[in-house]
$ cat input.cif   # mmCIF, C-alpha atoms
data_work
loop_
_atom_site.label_atom_id
_atom_site.label_comp_id
_atom_site.auth_asym_id
_atom_site.auth_seq_id
_atom_site.Cartn_x
_atom_site.Cartn_y
_atom_site.Cartn_z
CA MET A 1 45.44 -1.44 -12.64
CA PHE A 2 42.41 -2.36 -14.71
CA ASP A 3 42.40 -6.05 -15.56
CA GLN A 4 40.76 -6.36 -18.95
CA GLY A 5 41.23 -10.10 -18.95
CA ALA A 6 39.16 -10.46 -15.80
CA VAL A 7 36.27 -8.65 -17.45
CA THR A 8 36.45 -10.43 -20.78
CA GLY A 9 36.79 -13.73 -18.98
CA TRP A 10 33.68 -13.14 -16.89
CA ASN A 11 30.97 -15.71 -17.54
CA TRP A 12 28.09 -13.30 -18.08
CA PRO A 13 25.48 -15.89 -19.17
CA LYS A 14 26.11 -17.90 -16.01
CA THR A 15 26.09 -14.79 -13.82
CA LEU A 16 22.82 -13.56 -15.28
CA GLY A 17 21.36 -17.05 -14.99
CA VAL A 18 22.23 -17.22 -11.29
CA TYR A 19 20.85 -13.69 -10.78
CA PHE A 20 17.48 -14.38 -12.37
CA LEU A 21 17.24 -17.78 -10.71
CA GLN A 22 17.49 -16.11 -7.30
CA PHE A 23 15.22 -13.32 -8.43
CA LEU A 24 12.51 -15.79 -9.47
CA ILE A 25 12.69 -18.01 -6.39
CA SER A 26 13.00 -15.24 -3.80
CA TYR A 27 9.39 -14.05 -4.06
CA PRO A 28 7.29 -17.23 -4.10
CA LEU A 29 9.39 -18.88 -1.39
CA THR A 30 9.36 -15.77 0.78
CA TYR A 31 5.67 -15.11 0.21
CA LEU A 32 4.59 -18.62 1.17
CA ILE A 33 6.58 -18.50 4.40
CA ALA A 34 5.39 -14.96 5.19
CA VAL A 35 1.74 -15.94 4.76
CA ALA A 36 2.31 -18.98 6.99
CA VAL A 37 3.57 -16.78 9.86
CA GLN A 38 1.09 -13.95 9.31
CA ARG A 39 -0.91 -15.19 12.29
CA ILE A 40 1.73 -13.56 14.49
CA PHE A 41 0.77 -10.18 13.08
CA SER A 42 -2.91 -11.10 13.39
CA SER A 43 -2.57 -11.78 17.12
CA ALA A 44 -0.96 -8.33 17.49
CA GLY A 45 -3.84 -6.67 15.65
CA LEU A 46 -1.73 -5.89 12.59
CA ILE A 47 -3.36 -8.18 10.08
CA GLY A 48 -3.96 -5.35 7.62
CA LYS A 49 -7.59 -6.30 6.89
CA ASP A 50 -10.39 -3.83 7.30
CA GLY A 51 -13.96 -4.73 8.14
CA ASP A 52 -15.12 -3.38 4.79
CA GLY A 53 -12.99 -5.81 2.80
CA ILE A 54 -9.95 -3.57 2.41
CA LEU A 55 -6.59 -5.34 2.53
CA PHE A 56 -3.54 -3.27 3.42
CA ALA A 57 -0.36 -4.94 2.20
CA GLY A 58 2.10 -2.85 4.22
CA TYR A 59 2.44 -5.31 7.10
CA LEU A 60 2.82 -8.28 4.77
CA GLY A 61 5.43 -6.27 2.87
CA VAL A 62 7.46 -5.75 6.05
CA MET A 63 7.07 -9.44 6.81
CA CYS A 64 8.37 -10.29 3.33
CA ILE A 65 11.46 -8.19 4.02
CA GLY A 66 12.09 -10.04 7.28
CA VAL A 67 11.38 -13.50 5.89
CA GLY A 68 13.26 -12.67 2.69
CA ALA A 69 16.34 -11.89 4.77
CA GLY A 70 16.12 -15.35 6.29
CA VAL A 71 15.77 -16.93 2.86
CA GLY A 72 18.70 -14.91 1.48
CA TRP A 73 20.88 -15.78 4.46
CA SER A 74 20.09 -19.50 4.13
CA VAL A 75 20.71 -19.64 0.38
CA SER A 76 24.00 -17.73 0.58
CA HIS A 77 25.08 -19.86 3.55
CA TRP A 78 24.46 -23.17 1.80
CA THR A 79 25.37 -21.95 -1.71
CA PRO A 80 28.20 -19.39 -1.34
CA SER A 81 28.54 -19.06 -5.11
CA PHE A 82 25.13 -17.31 -5.12
CA THR A 83 26.21 -14.63 -2.66
CA SER A 84 27.81 -12.09 -5.01
CA THR A 85 24.77 -11.94 -7.31
CA GLY A 86 22.37 -12.22 -4.38
CA HIS A 87 23.59 -8.84 -3.11
CA TRP A 88 21.96 -7.19 -6.14
CA ILE A 89 18.62 -8.99 -6.39
CA TRP A 90 16.90 -5.87 -4.99
CA VAL A 91 17.97 -3.57 -7.84
CA LEU A 92 15.66 -4.64 -10.67
CA PRO A 93 12.32 -4.72 -8.81
CA THR A 94 13.16 -1.61 -6.78
CA VAL A 95 13.85 0.49 -9.87
CA ILE A 96 10.43 -0.49 -11.21
CA ALA A 97 8.23 -0.51 -8.10
CA ILE A 98 9.55 2.15 -5.69
CA PRO A 99 8.93 5.17 -7.97
CA GLU A 100 5.33 4.03 -8.46
CA VAL A 101 4.76 3.61 -4.70
CA PHE A 102 6.14 7.08 -3.94
CA TYR A 103 4.13 8.58 -6.80
CA GLU A 104 0.88 7.11 -5.45
CA LEU A 105 1.62 8.16 -1.88
CA PHE A 106 2.61 11.76 -2.53
CA ARG A 107 0.74 12.83 -5.66
CA GLN A 108 -1.94 15.47 -5.28
CA GLN A 109 -5.35 14.17 -6.30
CA GLN A 110 -8.92 15.39 -5.98
CA ILE A 111 -10.25 12.05 -4.77
CA PRO A 112 -8.19 10.23 -2.09
CA TRP A 113 -8.08 6.87 -3.86
CA LEU A 114 -6.34 4.08 -1.98
CA PRO A 115 -2.90 3.46 -3.57
CA GLU A 116 -3.15 0.27 -5.65
CA SER A 117 0.45 -0.60 -4.80
CA LEU A 118 -0.47 -0.87 -1.10
CA PHE A 119 -4.19 -1.66 -0.92
CA VAL A 120 -6.51 -4.30 -2.34
CA ALA A 121 -10.11 -3.04 -2.31
CA GLY A 122 -13.26 -3.09 -4.41
CA GLY A 123 -12.56 -3.33 -8.13
CA ASN A 124 -8.81 -3.28 -7.49
CA GLU A 125 -7.58 -6.83 -8.23
CA GLY A 126 -4.38 -6.32 -6.24
CA LEU A 127 -2.05 -6.60 -9.23
CA GLY A 128 0.11 -3.75 -7.95
CA VAL A 129 0.44 -5.43 -4.57
CA TYR A 130 1.13 -9.01 -5.69
CA LEU A 131 3.13 -8.31 -8.85
CA PHE A 132 5.20 -5.32 -7.74
CA THR A 133 5.18 -4.36 -4.05
CA LEU A 134 5.50 -7.77 -2.39
CA PRO A 135 8.08 -9.10 -4.91
CA THR A 136 10.14 -5.94 -4.31
CA CYS A 137 9.98 -6.36 -0.53
CA SER A 138 10.99 -10.01 -0.89
CA ALA A 139 13.95 -9.13 -3.12
CA VAL A 140 15.11 -6.36 -0.77
CA GLY A 141 14.94 -8.74 2.18
CA TYR A 142 16.74 -11.45 0.22
CA SER A 143 19.64 -9.12 -0.60
CA ILE A 144 19.85 -7.96 3.01
CA GLY A 145 20.06 -11.61 4.07
CA THR A 146 23.07 -12.21 1.84
CA PHE A 147 24.79 -9.19 3.41
CA LEU A 148 23.94 -10.41 6.91
CA ASN A 149 25.50 -13.76 6.05
CA ARG A 150 28.74 -11.96 5.23
CA THR A 151 28.85 -10.39 8.71
CA THR A 152 29.22 -13.83 10.28
CA ALA A 153 32.81 -13.79 9.08
CA HIS A 154 33.48 -10.79 11.36
CA GLY A 155 32.45 -12.50 14.56
CA VAL A 156 29.47 -12.80 16.89
CA VAL A 157 29.47 -9.15 17.97
CA ALA A 158 29.35 -7.81 14.40
CA THR A 159 26.58 -10.28 13.54
CA ALA A 160 24.55 -9.32 16.61
CA LYS A 161 24.87 -5.60 15.79
CA ALA A 162 23.79 -6.16 12.20
CA ILE A 163 20.77 -8.21 13.25
CA ALA A 164 19.80 -5.64 15.90
CA ALA A 165 19.97 -2.83 13.34
CA PHE A 166 17.88 -4.85 10.90
CA VAL A 167 15.20 -5.67 13.49
CA SER A 168 15.07 -2.00 14.52
CA ALA A 169 14.57 -1.00 10.89
CA LEU A 170 11.71 -3.50 10.58
CA ALA A 171 10.07 -2.04 13.70
CA LEU A 172 10.25 1.46 12.22
CA LEU A 173 8.76 0.19 8.96
CA ILE A 174 5.85 -1.35 10.88
CA LEU A 175 5.17 1.99 12.58
CA LEU A 176 5.32 3.74 9.22
CA ALA A 177 2.99 1.17 7.67
CA HIS A 178 0.50 1.62 10.52
CA SER A 179 0.54 5.39 10.01
CA VAL A 180 -0.07 5.07 6.26
CA GLU A 181 -2.87 2.54 6.78
CA SER A 182 -4.68 4.61 9.41
CA ASP A 183 -4.45 7.87 7.47
CA ARG A 184 -5.45 6.50 4.06
CA ILE A 185 -8.33 4.29 5.20
CA ALA A 186 -9.72 6.95 7.56
CA ARG A 187 -9.93 9.46 4.72
CA TRP A 188 -11.20 6.94 2.16
CA LYS A 189 -14.09 6.03 4.47
CA THR A 190 -15.33 9.62 4.32
CA VAL A 191 -15.69 9.49 0.52
CA ARG A 192 -19.15 9.15 -1.00
CA SER A 193 -20.43 9.27 -4.58
CA VAL A 194 -23.73 10.68 -5.82
CA ILE A 195 -26.01 7.89 -7.07
CA ASP A 196 -29.38 9.68 -7.39
CA PRO A 197 -30.12 9.69 -11.17
CA GLY A 198 -31.64 13.15 -10.87
CA GLY A 199 -28.79 14.59 -8.87
CA LEU A 200 -28.67 15.97 -5.31
CA GLY A 201 -29.28 19.56 -4.32
CA LEU A 202 -26.33 21.22 -2.57
CA SER A 203 -27.61 23.73 -0.02
CA ALA A 204 -25.74 26.19 2.14
CA GLU A 205 -27.78 25.29 5.26
CA ALA A 206 -29.00 21.94 6.60
CA ILE A 207 -32.51 23.32 7.07
CA ASP A 208 -32.75 23.99 3.34
CA THR A 209 -31.85 20.38 2.56
CA CYS A 210 -34.36 18.79 4.92
CA GLY A 211 -37.92 18.46 3.72
CA SER A 212 -39.35 17.17 0.48
CA ARG A 213 -36.92 14.93 -1.36
CA ALA A 214 -38.18 16.22 -4.71
CA SER A 215 -38.02 19.91 -3.91
CA GLY A 216 -34.87 19.56 -1.82
CA SER A 217 -32.96 17.96 -4.69
CA ARG A 218 -33.64 20.93 -6.92
CA ARG A 219 -32.64 23.79 -4.64
CA GLY A 220 -29.43 25.61 -5.37
CA ALA A 221 -26.56 23.77 -7.01
CA VAL A 222 -27.09 20.20 -8.22
CA LEU A 223 -24.51 17.42 -7.83
CA PHE A 224 -25.01 14.90 -10.62
CA PRO A 225 -24.18 11.15 -10.57
CA GLY A 226 -20.45 10.52 -10.70
CA THR A 227 -19.67 13.41 -8.35
CA TYR A 228 -17.51 12.44 -5.37
CA VAL A 229 -17.81 14.18 -2.02
CA GLU A 230 -16.11 14.01 1.36
CA MET A 231 -18.30 13.62 4.44
CA ILE A 232 -17.88 16.29 7.13
CA GLU A 233 -20.86 15.81 9.45
CA GLN A 234 -24.45 14.53 9.63
CA ARG A 235 -27.70 15.85 11.05
CA ALA A 236 -31.14 14.31 11.45
CA CYS A 237 -34.07 16.10 9.82
CA ASP A 238 -37.43 16.45 11.56
CA ASP A 239 -39.05 14.20 8.95
CA GLY A 240 -36.60 11.36 9.63
CA GLN A 241 -34.25 11.99 6.69
CA ILE A 242 -30.51 12.49 7.17
CA ALA A 243 -28.69 15.56 5.93
CA ASP A 244 -24.94 15.34 5.25
CA ARG A 245 -22.53 18.22 5.17
CA VAL A 246 -20.02 17.44 2.42
CA ARG A 247 -17.11 18.88 0.50
CA VAL A 248 -17.21 18.34 -3.27
CA LEU A 249 -14.08 16.59 -4.54
CA ASN A 250 -14.45 16.68 -8.32
CA GLY A 251 -16.33 18.41 -11.10
CA SER A 252 -17.07 22.08 -11.62
CA ARG A 253 -17.94 22.59 -7.94
CA ALA A 254 -14.80 20.95 -6.51
CA GLY A 255 -13.88 22.45 -3.15
CA GLN A 256 -17.38 23.74 -2.39
CA ASP A 257 -19.05 22.85 0.94
CA GLY A 258 -22.76 22.29 1.46
CA TRP A 259 -25.56 20.01 2.60
CA VAL A 260 -27.19 17.13 0.70
CA LEU A 261 -29.63 14.35 1.57
CA ASP A 262 -27.90 11.15 2.64
CA TYR A 263 -30.18 8.80 0.65
CA GLY A 264 -28.51 9.77 -2.62
CA LEU A 265 -24.94 8.97 -1.57
CA LEU A 266 -23.03 5.72 -1.78
CA GLY A 267 -20.23 4.94 0.69
CA TYR A 268 -17.23 2.64 0.27
#

$ encode --input "input.cif" --output "structure tokens"
Amino acid sequence: MFDQGAVTGWNWPKTLGVYFLQFLISYPLTYLIAVAVQRIFSSAGLIGKDGDGILFAGYLGVMCIGVGAGVGWSVSHWTPSFTSTGHWIWVLPTVIAIPEVFYELFRQQQIPWLPESLFVAGGNEGLGVYLFTLPTCSAVGYSIGTFLNRTTAHGVVATAKAIAAFVSALALLILLAHSVESDRIARWKTVRSVIDPGGLGLSAEAIDTCGSRASGSRRGAVLFPGTYVEMIEQRACDDGQIADRVRVLNGSRAGQDGWVLDYGLLGY
């Protein structure tokens, strides 16, 4: 039977205070520890840094889940009164961050921008990574740790099974992170933007592109500055210039293939 007295007698200010206290400490504590042990991932070649200054936060996110579980287990072990609220630390950040991550990963877009919730690159300050993704991973791990602490009451076997399942899930997340990193960075590295103030001529054949830079840039269609293209292949011209076969990603000629001179393109 519903006990109205139990509900009305619940100390909501204290409960919310304990909830937000754990919510606020879970991320910075987890993050600091995760960064300290990141060298383990570095030695395995999973540091998440690209030679062009791109930082992929997927591996650090998985690490925050693992470390967060340790933090959650420790806190709930030494402060049992925190356990009940600790189970739900993951809810608030997940509701906010997860929809944005999925939206960035699966939305259809003309230009394959790197998702700001998973990558720090160029003009991207990493706000999505450090203010949403990593705090969410830390909170999820923290809540899992409080659940793992509960399994200790069911014996060694139950605890071992729970830990094994958790470690297996982390391994799968690492594989998923590696797949996302490889696919997104590989495609992003093929993107170029037109920087020639006069525009670049887009020719159907490489031979039409090679030759005089002035006449070549005026043949056929013209791609003006601000146009993004995807590199397909390159060829050397007889006069030493480089011709690129590209696919136009934005503007009125989006989807069109052709050849342009490499000098007028900027890579990332």

$ atom_distance --input "input.cif" --atom1 "atom CA of A:Ser74" --atom2 "atom CA of A:Ala164"
18.2 Å

$ resolve_selection --input "input.cif" --expression "the PyMOL selection byres ((chain A and resi 226) around 6)" --output "list in words"
Val194, Pro225 and Thr227 of chain A

$ closest_residue --input "input.cif" --among "A:Val95, A:Leu266, A:Leu118, A:Cys137" --to "A:Gly66" --atoms "only C-alpha atoms"
A:Cys137

$ atom_distance --input "input.cif" --atom1 "atom CA of A:Gly155" --atom2 "atom CA of A:Thr30"
27.1 Å

$ residues_around --input "input.cif" --residues "A:Arg184" --least-positions-apart "5" --cutoff "9 Å" --atoms "all atoms listed in the file" --output "list of chain:residue names"
A:Pro112, A:Trp113, A:Leu114, A:Pro115, A:Ser179, A:Lys189

$ closest_residue --input "input.cif" --among "A:Leu261, A:Ile174, A:Val167, A:Leu32" --to "A:Gln241" --atoms "all atoms listed in the file"
A:Leu261

$ closest_residue --input "input.cif" --among "A:Val67, A:Leu24, A:Ile54, A:Ile144" --to "A:Glu116" --atoms "only C-alpha atoms"
A:Ile54

$ residues_near_point --input "input.cif" --point "(-21.8, 10.9, 6.6)" --cutoff "7 Å" --atoms "only C-alpha atoms" --output "MDAnalysis selection string"
chainID A and resid 190 231:234 244

$ closest_residue --input "input.cif" --among "A:Ser203, A:Ser138, A:Asn250, A:Ser81" --to "A:Leu60" --atoms "all atoms listed in the file"
A:Ser138

$ atom_distance --input "input.cif" --atom1 "atom CA of A:Gln38" --atom2 "atom CA of A:Gly86"
25.4 Å

$ closest_residue --input "input.cif" --among "A:Gly145, A:Gly70, A:Gly126, A:Gly201" --to "A:His87" --atoms "all atoms listed in the file"
A:Gly145

$ residues_around --input "input.cif" --residues "A:Tyr27" --least-positions-apart "6" --cutoff "9 Å" --atoms "all atoms listed in the file" --output "PyMOL selection string"
chain A and resi 64+68+134-139+142

$ resolve_selection --input "input.cif" --expression "the PyMOL selection byres ((chain A and resi 181) around 9)" --output "PyMOL selection string"
chain A and resi 48+56+58+118-119+176-180+182-186

$ resolve_selection --input "input.cif" --expression "the PyMOL selection byres ((chain A and resi 150) around 9)" --output "list in words"
Trp73, Ser76, His77, Thr83, Gly145, Thr146, Phe147, Leu148, Asn149, Thr151, Thr152, Ala153, His154 and Thr159 of chain A

$ build_atoms --input "input.cif" --residues "stretch 76-103 of chain A" --atoms "N, CA and C atoms" --output "PDB file, in the frame of the given file"
ATOM      1  N   SER A  76      22.581 -18.113   0.703  1.00  0.00           N
ATOM      2  CA  SER A  76      24.000 -17.730   0.580  1.00  0.00           C
ATOM      3  C   SER A  76      24.886 -18.555   1.513  1.00  0.00           C
ATOM      4  N   HIS A  77      24.309 -19.037   2.617  1.00  0.00           N
ATOM      5  CA  HIS A  77      25.080 -19.860   3.550  1.00  0.00           C
ATOM      6  C   HIS A  77      25.347 -21.244   2.959  1.00  0.00           C
ATOM      7  N   TRP A  78      24.317 -21.818   2.344  1.00  0.00           N
ATOM      8  CA  TRP A  78      24.460 -23.170   1.800  1.00  0.00           C
ATOM      9  C   TRP A  78      24.985 -23.180   0.371  1.00  0.00           C
ATOM     10  N   THR A  79      24.853 -22.052  -0.333  1.00  0.00           N
ATOM     11  CA  THR A  79      25.370 -21.950  -1.710  1.00  0.00           C
ATOM     12  C   THR A  79      26.169 -20.664  -1.833  1.00  0.00           C
ATOM     13  N   PRO A  80      27.405 -20.630  -1.335  1.00  0.00           N
ATOM     14  CA  PRO A  80      28.200 -19.390  -1.340  1.00  0.00           C
ATOM     15  C   PRO A  80      28.386 -18.784  -2.716  1.00  0.00           C
ATOM     16  N   SER A  81      28.351 -19.600  -3.764  1.00  0.00           N
ATOM     17  CA  SER A  81      28.540 -19.060  -5.110  1.00  0.00           C
ATOM     18  C   SER A  81      27.407 -18.134  -5.523  1.00  0.00           C
ATOM     19  N   PHE A  82      26.271 -18.194  -4.813  1.00  0.00           N
ATOM     20  CA  PHE A  82      25.130 -17.310  -5.120  1.00  0.00           C
ATOM     21  C   PHE A  82      25.249 -15.955  -4.437  1.00  0.00           C
ATOM     22  N   THR A  83      26.173 -15.821  -3.511  1.00  0.00           N
ATOM     23  CA  THR A  83      26.210 -14.630  -2.660  1.00  0.00           C
ATOM     24  C   THR A  83      26.456 -13.342  -3.440  1.00  0.00           C
ATOM     25  N   SER A  84      27.444 -13.329  -4.315  1.00  0.00           N
ATOM     26  CA  SER A  84      27.810 -12.090  -5.010  1.00  0.00           C
ATOM     27  C   SER A  84      26.661 -11.534  -5.844  1.00  0.00           C
ATOM     28  N   THR A  85      25.925 -12.412  -6.526  1.00  0.00           N
ATOM     29  CA  THR A  85      24.770 -11.940  -7.310  1.00  0.00           C
ATOM     30  C   THR A  85      23.581 -11.675  -6.402  1.00  0.00           C
ATOM     31  N   GLY A  86      23.478 -12.413  -5.302  1.00  0.00           N
ATOM     32  CA  GLY A  86      22.370 -12.220  -4.380  1.00  0.00           C
ATOM     33  C   GLY A  86      22.344 -10.827  -3.770  1.00  0.00           C
ATOM     34  N   HIS A  87      23.520 -10.195  -3.648  1.00  0.00           N
ATOM     35  CA  HIS A  87      23.590  -8.840  -3.110  1.00  0.00           C
ATOM     36  C   HIS A  87      22.760  -7.856  -3.947  1.00  0.00           C
ATOM     37  N   TRP A  88      22.567  -8.160  -5.222  1.00  0.00           N
ATOM     38  CA  TRP A  88      21.960  -7.190  -6.140  1.00  0.00           C
ATOM     39  C   TRP A  88      20.569  -7.573  -6.621  1.00  0.00           C
ATOM     40  N   ILE A  89      19.955  -8.567  -5.987  1.00  0.00           N
ATOM     41  CA  ILE A  89      18.620  -8.990  -6.390  1.00  0.00           C
ATOM     42  C   ILE A  89      17.608  -7.847  -6.243  1.00  0.00           C
ATOM     43  N   TRP A  90      17.832  -6.956  -5.288  1.00  0.00           N
ATOM     44  CA  TRP A  90      16.900  -5.870  -4.990  1.00  0.00           C
ATOM     45  C   TRP A  90      16.834  -4.817  -6.090  1.00  0.00           C
ATOM     46  N   VAL A  91      17.869  -4.695  -6.917  1.00  0.00           N
ATOM     47  CA  VAL A  91      17.970  -3.570  -7.840  1.00  0.00           C
ATOM     48  C   VAL A  91      16.838  -3.533  -8.857  1.00  0.00           C
ATOM     49  N   LEU A  92      16.629  -4.630  -9.575  1.00  0.00           N
ATOM     50  CA  LEU A  92      15.660  -4.640 -10.670  1.00  0.00           C
ATOM     51  C   LEU A  92      14.236  -4.328 -10.217  1.00  0.00           C
ATOM     52  N   PRO A  93      13.691  -5.032  -9.217  1.00  0.00           N
ATOM     53  CA  PRO A  93      12.320  -4.720  -8.810  1.00  0.00           C
ATOM     54  C   PRO A  93      12.185  -3.338  -8.160  1.00  0.00           C
ATOM     55  N   THR A  94      13.227  -2.905  -7.451  1.00  0.00           N
ATOM     56  CA  THR A  94      13.160  -1.610  -6.780  1.00  0.00           C
ATOM     57  C   THR A  94      13.083  -0.468  -7.781  1.00  0.00           C
ATOM     58  N   VAL A  95      13.865  -0.557  -8.831  1.00  0.00           N
ATOM     59  CA  VAL A  95      13.850   0.490  -9.870  1.00  0.00           C
ATOM     60  C   VAL A  95      12.468   0.606 -10.490  1.00  0.00           C
ATOM     61  N   ILE A  96      11.759  -0.494 -10.587  1.00  0.00           N
ATOM     62  CA  ILE A  96      10.430  -0.490 -11.210  1.00  0.00           C
ATOM     63  C   ILE A  96       9.334  -0.090 -10.227  1.00  0.00           C
ATOM     64  N   ALA A  97       9.362  -0.652  -9.020  1.00  0.00           N
ATOM     65  CA  ALA A  97       8.230  -0.510  -8.100  1.00  0.00           C
ATOM     66  C   ALA A  97       8.295   0.727  -7.214  1.00  0.00           C
ATOM     67  N   ILE A  98       9.462   1.061  -6.664  1.00  0.00           N
ATOM     68  CA  ILE A  98       9.550   2.150  -5.690  1.00  0.00           C
ATOM     69  C   ILE A  98       9.072   3.488  -6.243  1.00  0.00           C
ATOM     70  N   PRO A  99       9.456   3.889  -7.456  1.00  0.00           N
ATOM     71  CA  PRO A  99       8.930   5.170  -7.970  1.00  0.00           C
ATOM     72  C   PRO A  99       7.409   5.203  -8.028  1.00  0.00           C
ATOM     73  N   GLU A 100       6.792   4.079  -8.382  1.00  0.00           N
ATOM     74  CA  GLU A 100       5.330   4.030  -8.460  1.00  0.00           C
ATOM     75  C   GLU A 100       4.709   4.166  -7.072  1.00  0.00           C
ATOM     76  N   VAL A 101       5.287   3.509  -6.070  1.00  0.00           N
ATOM     77  CA  VAL A 101       4.760   3.610  -4.700  1.00  0.00           C
ATOM     78  C   VAL A 101       4.836   5.053  -4.209  1.00  0.00           C
ATOM     79  N   PHE A 102       5.983   5.702  -4.395  1.00  0.00           N
ATOM     80  CA  PHE A 102       6.140   7.080  -3.940  1.00  0.00           C
ATOM     81  C   PHE A 102       5.211   8.016  -4.713  1.00  0.00           C
ATOM     82  N   TYR A 103       5.033   7.750  -5.991  1.00  0.00           N
ATOM     83  CA  TYR A 103       4.130   8.580  -6.800  1.00  0.00           C
ATOM     84  C   TYR A 103       2.702   8.492  -6.267  1.00  0.00           C
TER      85      TYR A 103
END
